[in-house]
Amino acid sequence: MSQFSAPHFQSHEAAREYLEGLRWGTERVCPHCGVVNQSFLTKKPGVYRCRVEECRKDFSVTTKSVMESSHISCTSGCRRST
Ligand SMILES: [Zn+2]
């Protein structure tokens, strides 16, 4: 049985799409340089690449967290030194 037929796969995909909508809505923000709507989907599902010349980094909805978003609740992971 491949990972693609695993029962959790569908919900994993759905969860990612839900998170993307929650975090980005219609404006996908690069967590590395902060540019808005200047990224494209790579071959990996859920992984985007920044178009900005000086950046060009890959990211997904779970890459870093938007510090400014107060509605995202902090877990113990927030205590990590920056
Ligand atoms: Zn960027």
# chains A, B, ... in the order shown; residues from 1 in each chain; ligands from 1
call {"tool": "residues_near_ligand", "arguments": {"ligand": "ligand 1", "cutoff": "10 Å", "atoms": "only C-alpha atoms and all ligand atoms", "output": "ChimeraX atom specification"}}
result
/A:29-39,48-59
call {"tool": "atom_distance", "arguments": {"atom1": "CA of Arg28 (chain A)", "atom2": "CA of Arg16 (chain A)"}}
result
13.6 Å
